[in-house]
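For reference, the structure is listed below as structure tokens.
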Amino acid sequence: MITDEQLYGFWDSKEQAGIITCGEVYPESVLQGYQSGEVYRFGGCRVVWHSCGFAFMYGIPTAKDITQISYLMHTARLEDRRFVLFCENERLGRYFEMNSGVKVEKRYFFELAQDKSGDIILPENFVMKPIDASILPRLDGRIKPSFSWDSDEQFLKNGAGFCAMQGETPAAWAFSAAVSDTQIDIGVETLESYRGKGLAAAVAGKMAEYVLSIGKKPVWACHSENIASRKTAEKIGFEKVGECSIIHL
């Protein structure tokens, strides 16, 4: 078994080990009471596990802590839950990767350049509507408020979103996937039959405009291989500001 002394070799700096700079809106949303999640306290660190499955580690873990965090990952899979650990230290990511069944990938993070979103242009026959209690149950697909909010009531109280409608059909939407005192992470989805029309950029631009209007910072993140998401972000004025490893089974 690896010792604590050997484990510290995976950190570039003990002093900086617990600083979260990418994706911090997710653990903050739990710690500040906007969204649901769990907090685990170990010997040298704590892990904040957002209800959407994203997990963030504060502090400097011991070897025992790493073992317990790995156990959480396996337990989550048995319970059919997501546990995706965000890690900004590549050396520690490589330590996890040495464990059988653990996969390390990259996630990119974006912020809106110059606090300005792109033009919001909807194609003909589409209208923009706020996501309310009547629209929420009609949203289809994987990336929707229920992905990161425990209930419609919780989302309607602390979140917001906008939907491009064609008649009574929600075609594309953008919403607050995570909310903190200072930031809102934007989630976006377009139904497959409506893709290629610029709807994602339109609803995301509207959402970014809303976030700015309430004095918060709009942020965006996607898997490094999600080219479509990255292009949508850049289309409305987001710029890449960082990246980190994501560790999962």
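Residues are referred to by chain and number: the chain letter is A, B, ... according to the order shown in the structure tokens, the number counts from 1 in that chain, and ligands are numbered separately from 1 in the order shown.
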Residues of segment 23-201 of chain A classed as helix (DSSP H, G or I) by DSSP on the backbone are to be reported as JSON, numbers by chain. {"A": [25, 26, 27, 28, 29, 30, 31, 63, 64, 65, 66, 67, 68, 69, 70, 71, 72, 73, 74, 75, 76, 77, 78, 90, 91, 92, 93, 94, 95, 96, 97, 113, 114, 115, 136, 137, 138, 145, 146, 147, 148, 152, 153, 154, 155, 156, 157, 158, 192, 193, 194, 199, 200, 201]}
Would you mind listing what lies within 10 Å of segment 236-245 of chain A as a ChimeraX atom specification, with only C-alpha atoms counted and same-chain residues fewer than 5 positions away left out? /A:21-23,84-90,92-94,103-120,200-202,204-206,208,218-224,230-231
Contact residues around segment 50-63 of chain A with only C-alpha atoms at 6 Å, ignoring same-chain residues under 4 positions, as a PDB file with C-alpha atoms, in the first residue's frame:
ATOM      1  CA  ASP A   4       1.284   9.148   3.007  1.00  0.00           C
ATOM      2  CA  ALA A  17      -3.652  21.019  -2.993  1.00  0.00           C
ATOM      3  CA  GLY A  18      -7.075  21.940  -1.650  1.00  0.00           C
ATOM      4  CA  SER A  36     -28.622  19.076  -2.757  1.00  0.00           C
ATOM      5  CA  GLY A  37     -25.548  16.988  -2.133  1.00  0.00           C
ATOM      6  CA  GLY A  44      -6.989  15.168   5.654  1.00  0.00           C
ATOM      7  CA  CYS A  45      -9.752  16.343   3.340  1.00  0.00           C
ATOM      8  CA  ARG A  46     -13.447  16.506   2.666  1.00  0.00           C
ATOM      9  CA  ARG A  82     -22.685   8.870 -10.651  1.00  0.00           C
ATOM     10  CA  PHE A  83     -19.449   9.721  -8.876  1.00  0.00           C
ATOM     11  CA  VAL A  84     -17.169  11.833 -11.058  1.00  0.00           C
ATOM     12  CA  LEU A  85     -14.257  13.259  -9.073  1.00  0.00           C
ATOM     13  CA  PHE A  86     -12.799  16.546 -10.318  1.00  0.00           C
ATOM     14  CA  PHE A 147     -30.154  16.102 -14.108  1.00  0.00           C
ATOM     15  CA  SER A 148     -28.834  18.382 -11.379  1.00  0.00           C
TER      16      SER A 148
END
Residue set, segment 68-159 of chain A restricted to strand (DSSP E or B), as a ChimeraX atom specification: /A:84-87,103-112,127-130
Using only C-alpha atoms, find each residue in segment 171-236 of chain A having at least one atom no more than 12 Å away from segment 149-152 of chain A; report its shortest atom-to-atom pair and that distance in Å (one decimal), rows by chain then rising number, as a tab-separated table.
residue	atom	partner	partner_atom	distance
A:Phe175	CA	A:Trp149	CA	10.9
A:Ser176	CA	A:Trp149	CA	9.5
A:Ala177	CA	A:Trp149	CA	7.7
A:Ala178	CA	A:Trp149	CA	8.5
A:Val179	CA	A:Trp149	CA	10.4
A:Gly187	CA	A:Trp149	CA	11.8
Write out, as a short mmCIF file (atom, residue, chain, number, x, y, z; two decimals), in the first residue's frame, the residues just selected, with N, CA, C and O atoms.
data_model
loop_
_atom_site.label_atom_id
_atom_site.label_comp_id
_atom_site.auth_asym_id
_atom_site.auth_seq_id
_atom_site.Cartn_x
_atom_site.Cartn_y
_atom_site.Cartn_z
N PHE A 175 -30.42 26.15 -18.97
CA PHE A 175 -30.88 26.33 -17.59
C PHE A 175 -29.69 26.39 -16.64
O PHE A 175 -28.55 26.09 -17.02
N SER A 176 -29.95 26.78 -15.42
CA SER A 176 -28.92 26.82 -14.39
C SER A 176 -28.70 25.40 -13.88
O SER A 176 -29.51 24.88 -13.11
N ALA A 177 -27.60 24.79 -14.31
CA ALA A 177 -27.27 23.44 -13.86
C ALA A 177 -26.68 23.47 -12.46
O ALA A 177 -26.80 22.50 -11.71
N ALA A 178 -26.01 24.56 -12.11
CA ALA A 178 -25.48 24.75 -10.76
C ALA A 178 -25.52 26.24 -10.44
O ALA A 178 -25.26 27.08 -11.31
N VAL A 179 -25.83 26.55 -9.19
CA VAL A 179 -26.00 27.94 -8.75
C VAL A 179 -25.22 28.17 -7.46
O VAL A 179 -25.32 27.38 -6.52
N GLY A 187 -26.42 24.69 -18.36
CA GLY A 187 -26.63 23.41 -19.03
C GLY A 187 -27.50 23.62 -20.26
O GLY A 187 -28.42 24.44 -20.23
#
Would you mind telling me which residue in A:Ile66, A:Ala133, A:Leu72, A:Val47 lies nearest to Leu249 of chain A when using only C-alpha atoms? A:Leu72
Can you tell me, as number ranges by chain, what residues are no more than 8 Å from Ala174 of chain A when counting only C-alpha atoms, ignoring any on the same chain fewer than 5 positions away? A: 161-163, 186-189, 200, 203-204, 207
Using atom CA of Arg138 of chain A and atom CA of Ala164 of chain A as the two end points, give the distance in Å to one decimal.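 Answer for the atom CA of Arg138 of chain A to atom CA of Ala164 of chain A separation: 12.4 Å.
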Report, in Å to a single decimal, how far apart atom CA of Val127 of chain A and atom CA of Glu153 of chain A are.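 If I compute the distance from atom CA of Glu153 of chain A to atom CA of Val127 of chain A, I get 24.5 Å.
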Need to verify the contact set: Asn158 of chain A, 8 Å, only C-alpha atoms, exclusion of same-chain residues closer than 2 positions in sequence. Can you return it as a PyMOL selection string? chain A and resi 34+154-156+160+179
